[in-house]
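Report on the structure given below.
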Amino acid sequence: ISEVRTRRKKASVDKVVMAYGGALHNDLYTIAELAEYTFGQALDHEFPGEYLEIDLYVPEYIAADKQVLSQPWYPAYKKMQKPGKVVVVRRGPASFVLLFAPMPAAPKK
């Protein structure tokens with residue numbers, strides 16, 4: 001990511017560099033045990049004002065994840081959550097959590 005962005009800056013190419021699939025690797029707000037595996041803070045430092053972290057979550061996948069449920073942004077999500085609606089929680093100036101709309105419950109037979 002850094003190499004591509006640096007090369008583009010030198011060539012005066014002003015295009016966004018986007019990486020997907022980081023899971024926790026893109027984090028600006030890291031969990032201490034996982035900090036050594038993340039690159040978000042380093043890229044934010046290298047390219048001030050240009051880095052943006054967006055974490056994507058599926059509500060059904062995190063419903064029993066104690067680590068996610070204990071995150072400081074989670075109560076804000078619960079307050080904003082509405083059936084059929086996507087929720088975006090801002091964690092900081094360059095950090096967002098996007099939670100997809102929960103799937104409707106299957107009809108009971």
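Chain labels run A, B, ... following the order of the structure tokens; each chain numbers its residues from 1, and ligands are numbered from 1 in the order shown.
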
Practice problem: Tell me, as a list in words, which residues lie within 12 Å of Glu50 of chain A, counting only C-alpha atoms; anything in the same chain fewer than 3 positions away does not count. | Solution: Ser2, Arg5, Lys9, Asp14, Lys15, Val16, Val17, Met18, Gly40, Gln41, Ala42, Leu43, Asp44, His45, Glu46, Phe47, Glu53, Pro93, Ala94 and Ser95 of chain A

Since we have the selection now, will you write its residues out, keeping N, CA and C atoms, as a PDB file, in the first residue's frame?
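Dumped everything to selection38.pdb:
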```
ATOM      1  N   SER A   2       1.852   1.243   0.879  1.00  0.00           N
ATOM      2  CA  SER A   2       2.762   2.375   0.986  1.00  0.00           C
ATOM      3  C   SER A   2       3.546   2.586  -0.310  1.00  0.00           C
ATOM      4  N   ARG A   5       1.212   4.024  -3.052  1.00  0.00           N
ATOM      5  CA  ARG A   5       0.872   5.432  -2.774  1.00  0.00           C
ATOM      6  C   ARG A   5       2.075   6.336  -3.006  1.00  0.00           C
ATOM      7  N   LYS A   9       2.329   9.327  -5.781  1.00  0.00           N
ATOM      8  CA  LYS A   9       2.611  10.711  -5.389  1.00  0.00           C
ATOM      9  C   LYS A   9       3.777  11.272  -6.194  1.00  0.00           C
ATOM     10  N   ASP A  14      -2.971  11.501  -8.562  1.00  0.00           N
ATOM     11  CA  ASP A  14      -3.756  11.677  -7.340  1.00  0.00           C
ATOM     12  C   ASP A  14      -4.969  10.758  -7.372  1.00  0.00           C
ATOM     13  N   LYS A  15      -4.731   9.483  -7.109  1.00  0.00           N
ATOM     14  CA  LYS A  15      -5.801   8.496  -7.064  1.00  0.00           C
ATOM     15  C   LYS A  15      -5.772   7.785  -5.724  1.00  0.00           C
ATOM     16  N   VAL A  16      -6.921   7.323  -5.326  1.00  0.00           N
ATOM     17  CA  VAL A  16      -7.057   6.611  -4.065  1.00  0.00           C
ATOM     18  C   VAL A  16      -6.436   5.221  -4.184  1.00  0.00           C
ATOM     19  N   VAL A  17      -5.736   4.809  -3.139  1.00  0.00           N
ATOM     20  CA  VAL A  17      -5.263   3.435  -3.031  1.00  0.00           C
ATOM     21  C   VAL A  17      -6.170   2.771  -2.014  1.00  0.00           C
ATOM     22  N   MET A  18      -6.790   1.683  -2.424  1.00  0.00           N
ATOM     23  CA  MET A  18      -7.739   1.015  -1.551  1.00  0.00           C
ATOM     24  C   MET A  18      -7.326  -0.439  -1.364  1.00  0.00           C
ATOM     25  N   GLY A  40      -2.485   0.048  10.058  1.00  0.00           N
ATOM     26  CA  GLY A  40      -3.246   1.293   9.995  1.00  0.00           C
ATOM     27  C   GLY A  40      -2.524   2.485  10.581  1.00  0.00           C
ATOM     28  N   GLN A  41      -1.988   2.347  11.769  1.00  0.00           N
ATOM     29  CA  GLN A  41      -1.308   3.470  12.413  1.00  0.00           C
ATOM     30  C   GLN A  41      -0.066   3.894  11.644  1.00  0.00           C
ATOM     31  N   ALA A  42       0.670   2.930  11.100  1.00  0.00           N
ATOM     32  CA  ALA A  42       1.874   3.259  10.328  1.00  0.00           C
ATOM     33  C   ALA A  42       1.521   4.031   9.059  1.00  0.00           C
ATOM     34  N   LEU A  43       0.472   3.601   8.361  1.00  0.00           N
ATOM     35  CA  LEU A  43       0.065   4.306   7.144  1.00  0.00           C
ATOM     36  C   LEU A  43      -0.502   5.686   7.463  1.00  0.00           C
ATOM     37  N   ASP A  44      -1.218   5.800   8.559  1.00  0.00           N
ATOM     38  CA  ASP A  44      -1.753   7.093   8.970  1.00  0.00           C
ATOM     39  C   ASP A  44      -0.614   8.062   9.271  1.00  0.00           C
ATOM     40  N   HIS A  45       0.435   7.550   9.872  1.00  0.00           N
ATOM     41  CA  HIS A  45       1.610   8.378  10.182  1.00  0.00           C
ATOM     42  C   HIS A  45       2.373   8.742   8.898  1.00  0.00           C
ATOM     43  N   GLU A  46       2.509   7.784   7.994  1.00  0.00           N
ATOM     44  CA  GLU A  46       3.255   8.008   6.748  1.00  0.00           C
ATOM     45  C   GLU A  46       2.533   8.960   5.793  1.00  0.00           C
ATOM     46  N   PHE A  47       1.208   8.885   5.790  1.00  0.00           N
ATOM     47  CA  PHE A  47       0.397   9.711   4.891  1.00  0.00           C
ATOM     48  C   PHE A  47      -0.657  10.457   5.713  1.00  0.00           C
ATOM     49  N   GLU A  53      -9.752   4.261   7.754  1.00  0.00           N
ATOM     50  CA  GLU A  53     -10.063   2.885   8.152  1.00  0.00           C
ATOM     51  C   GLU A  53     -11.574   2.700   8.139  1.00  0.00           C
ATOM     52  N   PRO A  93     -11.552  10.533  13.706  1.00  0.00           N
ATOM     53  CA  PRO A  93     -11.536  11.330  12.474  1.00  0.00           C
ATOM     54  C   PRO A  93     -11.334  10.500  11.202  1.00  0.00           C
ATOM     55  N   ALA A  94     -10.634   9.391  11.298  1.00  0.00           N
ATOM     56  CA  ALA A  94     -10.339   8.582  10.110  1.00  0.00           C
ATOM     57  C   ALA A  94     -10.690   7.113  10.325  1.00  0.00           C
ATOM     58  N   SER A  95     -11.660   6.861  11.191  1.00  0.00           N
ATOM     59  CA  SER A  95     -11.997   5.482  11.527  1.00  0.00           C
ATOM     60  C   SER A  95     -13.507   5.312  11.642  1.00  0.00           C
TER      61      SER A  95
END
```

Quiz item: Which distance in Å separates atom CA of Val4 of chain A and atom CA of Leu52 of chain A, to one decimal?
Solution: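 Answer for the atom CA of Val4 of chain A to atom CA of Leu52 of chain A separation: 15.9 Å.
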
Practice problem: Please identify which residues in chain A DSSP calls helix (DSSP H, G or I) from the backbone, and express them as a PyMOL selection string. | Solution: chain A and resi 2-10+32-37+40-46+59-62+66-69+74-80

Tell me which protein, DNA and RNA residues are within 12 Å of Tyr74 of chain A, counting only C-alpha atoms, leaving out same-chain ones fewer than 5 positions away, and put them as a PDB file with all heavy atoms, in the first residue's frame.
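As a result, selection25.pdb now contains:
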```
ATOM      1  N   TYR A  57     -18.890  -5.096   9.303  1.00  0.00           N
ATOM      2  CA  TYR A  57     -19.363  -6.174  10.168  1.00  0.00           C
ATOM      3  C   TYR A  57     -20.753  -6.638   9.739  1.00  0.00           C
ATOM      4  O   TYR A  57     -21.595  -5.830   9.336  1.00  0.00           O
ATOM      5  CB  TYR A  57     -19.460  -5.721  11.630  1.00  0.00           C
ATOM      6  CG  TYR A  57     -18.133  -5.569  12.318  1.00  0.00           C
ATOM      7  CD1 TYR A  57     -17.544  -4.326  12.463  1.00  0.00           C
ATOM      8  CD2 TYR A  57     -17.468  -6.674  12.844  1.00  0.00           C
ATOM      9  CE1 TYR A  57     -16.323  -4.179  13.099  1.00  0.00           C
ATOM     10  CE2 TYR A  57     -16.252  -6.540  13.483  1.00  0.00           C
ATOM     11  CZ  TYR A  57     -15.686  -5.293  13.604  1.00  0.00           C
ATOM     12  OH  TYR A  57     -14.486  -5.158  14.234  1.00  0.00           O
ATOM     13  N   PRO A  59     -23.947  -8.151  11.461  1.00  0.00           N
ATOM     14  CA  PRO A  59     -24.440  -8.278  12.833  1.00  0.00           C
ATOM     15  C   PRO A  59     -24.590  -9.714  13.327  1.00  0.00           C
ATOM     16  O   PRO A  59     -24.256 -10.012  14.472  1.00  0.00           O
ATOM     17  CB  PRO A  59     -25.791  -7.558  12.791  1.00  0.00           C
ATOM     18  CG  PRO A  59     -25.629  -6.549  11.703  1.00  0.00           C
ATOM     19  CD  PRO A  59     -24.767  -7.234  10.670  1.00  0.00           C
ATOM     20  N   ILE A  62     -21.290 -11.222  14.564  1.00  0.00           N
ATOM     21  CA  ILE A  62     -20.647 -10.683  15.765  1.00  0.00           C
ATOM     22  C   ILE A  62     -21.521 -10.810  17.014  1.00  0.00           C
ATOM     23  O   ILE A  62     -21.082 -10.457  18.101  1.00  0.00           O
ATOM     24  CB  ILE A  62     -20.222  -9.212  15.574  1.00  0.00           C
ATOM     25  CG1 ILE A  62     -21.440  -8.313  15.346  1.00  0.00           C
ATOM     26  CG2 ILE A  62     -19.201  -9.096  14.458  1.00  0.00           C
ATOM     27  CD1 ILE A  62     -21.128  -6.830  15.384  1.00  0.00           C
ATOM     28  N   ALA A  63     -22.719 -11.310  16.858  1.00  0.00           N
ATOM     29  CA  ALA A  63     -23.689 -11.358  17.967  1.00  0.00           C
ATOM     30  C   ALA A  63     -23.156 -12.042  19.218  1.00  0.00           C
ATOM     31  O   ALA A  63     -23.546 -11.694  20.328  1.00  0.00           O
ATOM     32  CB  ALA A  63     -24.977 -12.029  17.503  1.00  0.00           C
ATOM     33  N   ASP A  65     -19.670 -12.532  19.702  1.00  0.00           N
ATOM     34  CA  ASP A  65     -18.226 -12.264  19.776  1.00  0.00           C
ATOM     35  C   ASP A  65     -17.955 -11.287  20.926  1.00  0.00           C
ATOM     36  O   ASP A  65     -18.150 -10.076  20.787  1.00  0.00           O
ATOM     37  CB  ASP A  65     -17.733 -11.691  18.451  1.00  0.00           C
ATOM     38  CG  ASP A  65     -16.230 -11.531  18.393  1.00  0.00           C
ATOM     39  OD1 ASP A  65     -15.601 -11.230  19.430  1.00  0.00           O
ATOM     40  OD2 ASP A  65     -15.671 -11.687  17.286  1.00  0.00           O
ATOM     41  N   LYS A  66     -17.511 -11.803  22.052  1.00  0.00           N
ATOM     42  CA  LYS A  66     -17.308 -10.987  23.255  1.00  0.00           C
ATOM     43  C   LYS A  66     -16.324  -9.842  23.016  1.00  0.00           C
ATOM     44  O   LYS A  66     -16.478  -8.758  23.567  1.00  0.00           O
ATOM     45  CB  LYS A  66     -16.840 -11.858  24.417  1.00  0.00           C
ATOM     46  CG  LYS A  66     -17.909 -12.788  24.918  1.00  0.00           C
ATOM     47  CD  LYS A  66     -17.406 -13.664  26.035  1.00  0.00           C
ATOM     48  CE  LYS A  66     -18.477 -14.655  26.435  1.00  0.00           C
ATOM     49  NZ  LYS A  66     -18.018 -15.594  27.436  1.00  0.00           N
ATOM     50  N   GLN A  67     -15.315 -10.092  22.195  1.00  0.00           N
ATOM     51  CA  GLN A  67     -14.325  -9.052  21.921  1.00  0.00           C
ATOM     52  C   GLN A  67     -14.965  -7.875  21.173  1.00  0.00           C
ATOM     53  O   GLN A  67     -14.729  -6.721  21.514  1.00  0.00           O
ATOM     54  CB  GLN A  67     -13.168  -9.631  21.107  1.00  0.00           C
ATOM     55  CG  GLN A  67     -11.994  -8.702  21.003  1.00  0.00           C
ATOM     56  CD  GLN A  67     -10.797  -9.390  20.374  1.00  0.00           C
ATOM     57  OE1 GLN A  67     -10.924 -10.346  19.640  1.00  0.00           O
ATOM     58  NE2 GLN A  67      -9.629  -8.870  20.665  1.00  0.00           N
ATOM     59  N   VAL A  68     -15.784  -8.160  20.191  1.00  0.00           N
ATOM     60  CA  VAL A  68     -16.467  -7.091  19.448  1.00  0.00           C
ATOM     61  C   VAL A  68     -17.504  -6.413  20.333  1.00  0.00           C
ATOM     62  O   VAL A  68     -17.600  -5.184  20.366  1.00  0.00           O
ATOM     63  CB  VAL A  68     -17.133  -7.635  18.162  1.00  0.00           C
ATOM     64  CG1 VAL A  68     -17.984  -6.565  17.492  1.00  0.00           C
ATOM     65  CG2 VAL A  68     -16.079  -8.145  17.185  1.00  0.00           C
ATOM     66  N   LEU A  69     -18.267  -7.188  21.060  1.00  0.00           N
ATOM     67  CA  LEU A  69     -19.315  -6.627  21.913  1.00  0.00           C
ATOM     68  C   LEU A  69     -18.750  -5.711  23.002  1.00  0.00           C
ATOM     69  O   LEU A  69     -19.467  -4.836  23.502  1.00  0.00           O
ATOM     70  CB  LEU A  69     -20.143  -7.748  22.553  1.00  0.00           C
ATOM     71  CG  LEU A  69     -20.850  -8.700  21.585  1.00  0.00           C
ATOM     72  CD1 LEU A  69     -21.633  -9.753  22.356  1.00  0.00           C
ATOM     73  CD2 LEU A  69     -21.738  -7.965  20.616  1.00  0.00           C
ATOM     74  N   LYS A  79     -27.665   1.682  19.854  1.00  0.00           N
ATOM     75  CA  LYS A  79     -28.613   2.799  19.914  1.00  0.00           C
ATOM     76  C   LYS A  79     -29.129   3.162  18.526  1.00  0.00           C
ATOM     77  O   LYS A  79     -30.282   3.554  18.368  1.00  0.00           O
ATOM     78  CB  LYS A  79     -27.956   4.030  20.544  1.00  0.00           C
ATOM     79  CG  LYS A  79     -27.820   3.964  22.034  1.00  0.00           C
ATOM     80  CD  LYS A  79     -27.221   5.247  22.558  1.00  0.00           C
ATOM     81  CE  LYS A  79     -27.013   5.177  24.048  1.00  0.00           C
ATOM     82  NZ  LYS A  79     -26.381   6.394  24.574  1.00  0.00           N
ATOM     83  N   MET A  80     -28.268   3.080  17.517  1.00  0.00           N
ATOM     84  CA  MET A  80     -28.635   3.489  16.161  1.00  0.00           C
ATOM     85  C   MET A  80     -29.283   2.374  15.347  1.00  0.00           C
ATOM     86  O   MET A  80     -29.882   2.637  14.306  1.00  0.00           O
ATOM     87  CB  MET A  80     -27.398   3.998  15.406  1.00  0.00           C
ATOM     88  CG  MET A  80     -26.830   5.267  15.990  1.00  0.00           C
ATOM     89  SD  MET A  80     -25.513   5.969  14.971  1.00  0.00           S
ATOM     90  CE  MET A  80     -24.180   4.827  15.239  1.00  0.00           C
ATOM     91  N   GLN A  81     -29.151   1.147  15.792  1.00  0.00           N
ATOM     92  CA  GLN A  81     -29.626  -0.009  15.029  1.00  0.00           C
ATOM     93  C   GLN A  81     -31.143   0.034  14.835  1.00  0.00           C
ATOM     94  O   GLN A  81     -31.900   0.275  15.774  1.00  0.00           O
ATOM     95  CB  GLN A  81     -29.233  -1.287  15.765  1.00  0.00           C
ATOM     96  CG  GLN A  81     -29.638  -2.550  15.054  1.00  0.00           C
ATOM     97  CD  GLN A  81     -29.338  -3.779  15.893  1.00  0.00           C
ATOM     98  OE1 GLN A  81     -29.343  -3.730  17.117  1.00  0.00           O
ATOM     99  NE2 GLN A  81     -29.080  -4.880  15.226  1.00  0.00           N
ATOM    100  N   VAL A  87     -25.786   0.725   9.557  1.00  0.00           N
ATOM    101  CA  VAL A  87     -25.346   1.690  10.569  1.00  0.00           C
ATOM    102  C   VAL A  87     -23.870   1.969  10.360  1.00  0.00           C
ATOM    103  O   VAL A  87     -23.077   1.050  10.152  1.00  0.00           O
ATOM    104  CB  VAL A  87     -25.577   1.146  12.000  1.00  0.00           C
ATOM    105  CG1 VAL A  87     -24.970   2.077  13.045  1.00  0.00           C
ATOM    106  CG2 VAL A  87     -27.053   0.940  12.273  1.00  0.00           C
ATOM    107  N   VAL A  88     -23.507   3.255  10.422  1.00  0.00           N
ATOM    108  CA  VAL A  88     -22.103   3.652  10.371  1.00  0.00           C
ATOM    109  C   VAL A  88     -21.790   4.367  11.677  1.00  0.00           C
ATOM    110  O   VAL A  88     -22.455   5.336  12.045  1.00  0.00           O
ATOM    111  CB  VAL A  88     -21.806   4.585   9.169  1.00  0.00           C
ATOM    112  CG1 VAL A  88     -20.353   5.043   9.203  1.00  0.00           C
ATOM    113  CG2 VAL A  88     -22.128   3.884   7.854  1.00  0.00           C
ATOM    114  N   VAL A  89     -20.774   3.874  12.381  1.00  0.00           N
ATOM    115  CA  VAL A  89     -20.334   4.468  13.639  1.00  0.00           C
ATOM    116  C   VAL A  89     -18.963   5.079  13.402  1.00  0.00           C
ATOM    117  O   VAL A  89     -18.055   4.412  12.886  1.00  0.00           O
ATOM    118  CB  VAL A  89     -20.246   3.415  14.767  1.00  0.00           C
ATOM    119  CG1 VAL A  89     -19.750   4.049  16.063  1.00  0.00           C
ATOM    120  CG2 VAL A  89     -21.586   2.729  14.978  1.00  0.00           C
ATOM    121  N   ARG A  90     -18.815   6.335  13.774  1.00  0.00           N
ATOM    122  CA  ARG A  90     -17.520   7.017  13.647  1.00  0.00           C
ATOM    123  C   ARG A  90     -16.740   6.794  14.932  1.00  0.00           C
ATOM    124  O   ARG A  90     -17.172   7.183  16.016  1.00  0.00           O
ATOM    125  CB  ARG A  90     -17.739   8.503  13.408  1.00  0.00           C
ATOM    126  CG  ARG A  90     -16.452   9.245  13.191  1.00  0.00           C
ATOM    127  CD  ARG A  90     -16.705  10.736  12.974  1.00  0.00           C
ATOM    128  NE  ARG A  90     -15.477  11.325  12.488  1.00  0.00           N
ATOM    129  CZ  ARG A  90     -15.386  12.103  11.439  1.00  0.00           C
ATOM    130  NH1 ARG A  90     -16.470  12.416  10.766  1.00  0.00           N
ATOM    131  NH2 ARG A  90     -14.231  12.592  11.066  1.00  0.00           N
ATOM    132  N   ARG A  91     -15.572   6.150  14.798  1.00  0.00           N
ATOM    133  CA  ARG A  91     -14.718   5.907  15.972  1.00  0.00           C
ATOM    134  C   ARG A  91     -13.726   7.032  16.177  1.00  0.00           C
ATOM    135  O   ARG A  91     -13.218   7.222  17.276  1.00  0.00           O
ATOM    136  CB  ARG A  91     -13.951   4.598  15.817  1.00  0.00           C
ATOM    137  CG  ARG A  91     -14.841   3.405  15.893  1.00  0.00           C
ATOM    138  CD  ARG A  91     -14.092   2.159  16.176  1.00  0.00           C
ATOM    139  NE  ARG A  91     -13.074   1.878  15.186  1.00  0.00           N
ATOM    140  CZ  ARG A  91     -12.297   0.822  15.212  1.00  0.00           C
ATOM    141  NH1 ARG A  91     -12.427  -0.061  16.173  1.00  0.00           N
ATOM    142  NH2 ARG A  91     -11.398   0.620  14.283  1.00  0.00           N
ATOM    143  N   PHE A  96     -14.037   4.377  10.839  1.00  0.00           N
ATOM    144  CA  PHE A  96     -15.471   4.128  10.821  1.00  0.00           C
ATOM    145  C   PHE A  96     -15.746   2.636  10.893  1.00  0.00           C
ATOM    146  O   PHE A  96     -14.970   1.829  10.396  1.00  0.00           O
ATOM    147  CB  PHE A  96     -16.103   4.678   9.534  1.00  0.00           C
ATOM    148  CG  PHE A  96     -15.988   6.161   9.417  1.00  0.00           C
ATOM    149  CD1 PHE A  96     -14.849   6.740   8.890  1.00  0.00           C
ATOM    150  CD2 PHE A  96     -17.015   6.990   9.846  1.00  0.00           C
ATOM    151  CE1 PHE A  96     -14.724   8.117   8.780  1.00  0.00           C
ATOM    152  CE2 PHE A  96     -16.907   8.367   9.743  1.00  0.00           C
ATOM    153  CZ  PHE A  96     -15.756   8.926   9.210  1.00  0.00           C
ATOM    154  N   VAL A  97     -16.876   2.305  11.489  1.00  0.00           N
ATOM    155  CA  VAL A  97     -17.358   0.928  11.520  1.00  0.00           C
ATOM    156  C   VAL A  97     -18.695   0.936  10.779  1.00  0.00           C
ATOM    157  O   VAL A  97     -19.588   1.715  11.119  1.00  0.00           O
ATOM    158  CB  VAL A  97     -17.566   0.422  12.963  1.00  0.00           C
ATOM    159  CG1 VAL A  97     -18.130  -0.984  12.970  1.00  0.00           C
ATOM    160  CG2 VAL A  97     -16.262   0.481  13.742  1.00  0.00           C
ATOM    161  N   LEU A  98     -18.804   0.106   9.753  1.00  0.00           N
ATOM    162  CA  LEU A  98     -20.049  -0.041   9.009  1.00  0.00           C
ATOM    163  C   LEU A  98     -20.627  -1.403   9.345  1.00  0.00           C
ATOM    164  O   LEU A  98     -19.957  -2.417   9.185  1.00  0.00           O
ATOM    165  CB  LEU A  98     -19.796   0.070   7.506  1.00  0.00           C
ATOM    166  CG  LEU A  98     -21.034   0.027   6.618  1.00  0.00           C
ATOM    167  CD1 LEU A  98     -20.811   0.875   5.389  1.00  0.00           C
ATOM    168  CD2 LEU A  98     -21.425  -1.373   6.228  1.00  0.00           C
ATOM    169  N   LEU A  99     -21.851  -1.395   9.825  1.00  0.00           N
ATOM    170  CA  LEU A  99     -22.538  -2.640  10.168  1.00  0.00           C
ATOM    171  C   LEU A  99     -23.712  -2.803   9.214  1.00  0.00           C
ATOM    172  O   LEU A  99     -24.577  -1.930   9.116  1.00  0.00           O
ATOM    173  CB  LEU A  99     -23.014  -2.607  11.614  1.00  0.00           C
ATOM    174  CG  LEU A  99     -21.846  -2.513  12.610  1.00  0.00           C
ATOM    175  CD1 LEU A  99     -21.773  -1.153  13.219  1.00  0.00           C
ATOM    176  CD2 LEU A  99     -21.923  -3.595  13.627  1.00  0.00           C
TER     177      LEU A  99
END
```

Exercise. Go through A:Tyr77, A:Tyr20, A:Tyr29, A:Phe100 one by one, measure the shortest atom-to-atom distance of each to Tyr61 of chain A using only C-alpha atoms, and give the residue with the smallest value.
Key: A:Phe100

Could you pull out all residues of chain A with a DSSP call of strand (DSSP E) and give them as a PDB file with N, CA, C and O atoms, in the first residue's frame?
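File produced: states34.pdb:
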```pdb
ATOM      1  N   GLU A  53      -9.752   4.261   7.754  1.00  0.00           N
ATOM      2  CA  GLU A  53     -10.063   2.885   8.152  1.00  0.00           C
ATOM      3  C   GLU A  53     -11.574   2.700   8.139  1.00  0.00           C
ATOM      4  O   GLU A  53     -12.311   3.483   8.745  1.00  0.00           O
ATOM      5  N   ILE A  54     -12.029   1.673   7.441  1.00  0.00           N
ATOM      6  CA  ILE A  54     -13.445   1.315   7.453  1.00  0.00           C
ATOM      7  C   ILE A  54     -13.530  -0.174   7.755  1.00  0.00           C
ATOM      8  O   ILE A  54     -13.014  -0.993   6.998  1.00  0.00           O
ATOM      9  N   ASP A  55     -14.156  -0.511   8.862  1.00  0.00           N
ATOM     10  CA  ASP A  55     -14.352  -1.906   9.231  1.00  0.00           C
ATOM     11  C   ASP A  55     -15.784  -2.303   8.905  1.00  0.00           C
ATOM     12  O   ASP A  55     -16.729  -1.556   9.192  1.00  0.00           O
ATOM     13  N   LEU A  56     -15.950  -3.461   8.299  1.00  0.00           N
ATOM     14  CA  LEU A  56     -17.265  -3.969   7.911  1.00  0.00           C
ATOM     15  C   LEU A  56     -17.651  -5.132   8.817  1.00  0.00           C
ATOM     16  O   LEU A  56     -16.838  -6.027   9.051  1.00  0.00           O
ATOM     17  N   TYR A  57     -18.890  -5.096   9.303  1.00  0.00           N
ATOM     18  CA  TYR A  57     -19.363  -6.174  10.168  1.00  0.00           C
ATOM     19  C   TYR A  57     -20.753  -6.638   9.739  1.00  0.00           C
ATOM     20  O   TYR A  57     -21.595  -5.830   9.336  1.00  0.00           O
ATOM     21  N   VAL A  87     -25.786   0.725   9.557  1.00  0.00           N
ATOM     22  CA  VAL A  87     -25.346   1.690  10.569  1.00  0.00           C
ATOM     23  C   VAL A  87     -23.870   1.969  10.360  1.00  0.00           C
ATOM     24  O   VAL A  87     -23.077   1.050  10.152  1.00  0.00           O
ATOM     25  N   VAL A  88     -23.507   3.255  10.422  1.00  0.00           N
ATOM     26  CA  VAL A  88     -22.103   3.652  10.371  1.00  0.00           C
ATOM     27  C   VAL A  88     -21.790   4.367  11.677  1.00  0.00           C
ATOM     28  O   VAL A  88     -22.455   5.336  12.045  1.00  0.00           O
ATOM     29  N   VAL A  89     -20.774   3.874  12.381  1.00  0.00           N
ATOM     30  CA  VAL A  89     -20.334   4.468  13.639  1.00  0.00           C
ATOM     31  C   VAL A  89     -18.963   5.079  13.402  1.00  0.00           C
ATOM     32  O   VAL A  89     -18.055   4.412  12.886  1.00  0.00           O
ATOM     33  N   ARG A  90     -18.815   6.335  13.774  1.00  0.00           N
ATOM     34  CA  ARG A  90     -17.520   7.017  13.647  1.00  0.00           C
ATOM     35  C   ARG A  90     -16.740   6.794  14.932  1.00  0.00           C
ATOM     36  O   ARG A  90     -17.172   7.183  16.016  1.00  0.00           O
ATOM     37  N   ARG A  91     -15.572   6.150  14.798  1.00  0.00           N
ATOM     38  CA  ARG A  91     -14.718   5.907  15.972  1.00  0.00           C
ATOM     39  C   ARG A  91     -13.726   7.032  16.177  1.00  0.00           C
ATOM     40  O   ARG A  91     -13.218   7.222  17.276  1.00  0.00           O
ATOM     41  N   GLY A  92     -13.409   7.733  15.124  1.00  0.00           N
ATOM     42  CA  GLY A  92     -12.439   8.817  15.190  1.00  0.00           C
ATOM     43  C   GLY A  92     -12.420   9.538  13.858  1.00  0.00           C
ATOM     44  O   GLY A  92     -13.184   9.187  12.944  1.00  0.00           O
ATOM     45  N   SER A  95     -11.660   6.861  11.191  1.00  0.00           N
ATOM     46  CA  SER A  95     -11.997   5.482  11.527  1.00  0.00           C
ATOM     47  C   SER A  95     -13.507   5.312  11.642  1.00  0.00           C
ATOM     48  O   SER A  95     -14.158   6.005  12.429  1.00  0.00           O
ATOM     49  N   PHE A  96     -14.037   4.377  10.839  1.00  0.00           N
ATOM     50  CA  PHE A  96     -15.471   4.128  10.821  1.00  0.00           C
ATOM     51  C   PHE A  96     -15.746   2.636  10.893  1.00  0.00           C
ATOM     52  O   PHE A  96     -14.970   1.829  10.396  1.00  0.00           O
ATOM     53  N   VAL A  97     -16.876   2.305  11.489  1.00  0.00           N
ATOM     54  CA  VAL A  97     -17.358   0.928  11.520  1.00  0.00           C
ATOM     55  C   VAL A  97     -18.695   0.936  10.779  1.00  0.00           C
ATOM     56  O   VAL A  97     -19.588   1.715  11.119  1.00  0.00           O
ATOM     57  N   LEU A  98     -18.804   0.106   9.753  1.00  0.00           N
ATOM     58  CA  LEU A  98     -20.049  -0.041   9.009  1.00  0.00           C
ATOM     59  C   LEU A  98     -20.627  -1.403   9.345  1.00  0.00           C
ATOM     60  O   LEU A  98     -19.957  -2.417   9.185  1.00  0.00           O
ATOM     61  N   LEU A  99     -21.851  -1.395   9.825  1.00  0.00           N
ATOM     62  CA  LEU A  99     -22.538  -2.640  10.168  1.00  0.00           C
ATOM     63  C   LEU A  99     -23.712  -2.803   9.214  1.00  0.00           C
ATOM     64  O   LEU A  99     -24.577  -1.930   9.116  1.00  0.00           O
TER      65      LEU A  99
END
```

Exercise. Report the distance between atom CA of Ser70 of chain A and atom CA of Gly84 of chain A in Å, rounded to one decimal place.
Key: 23.5 Å
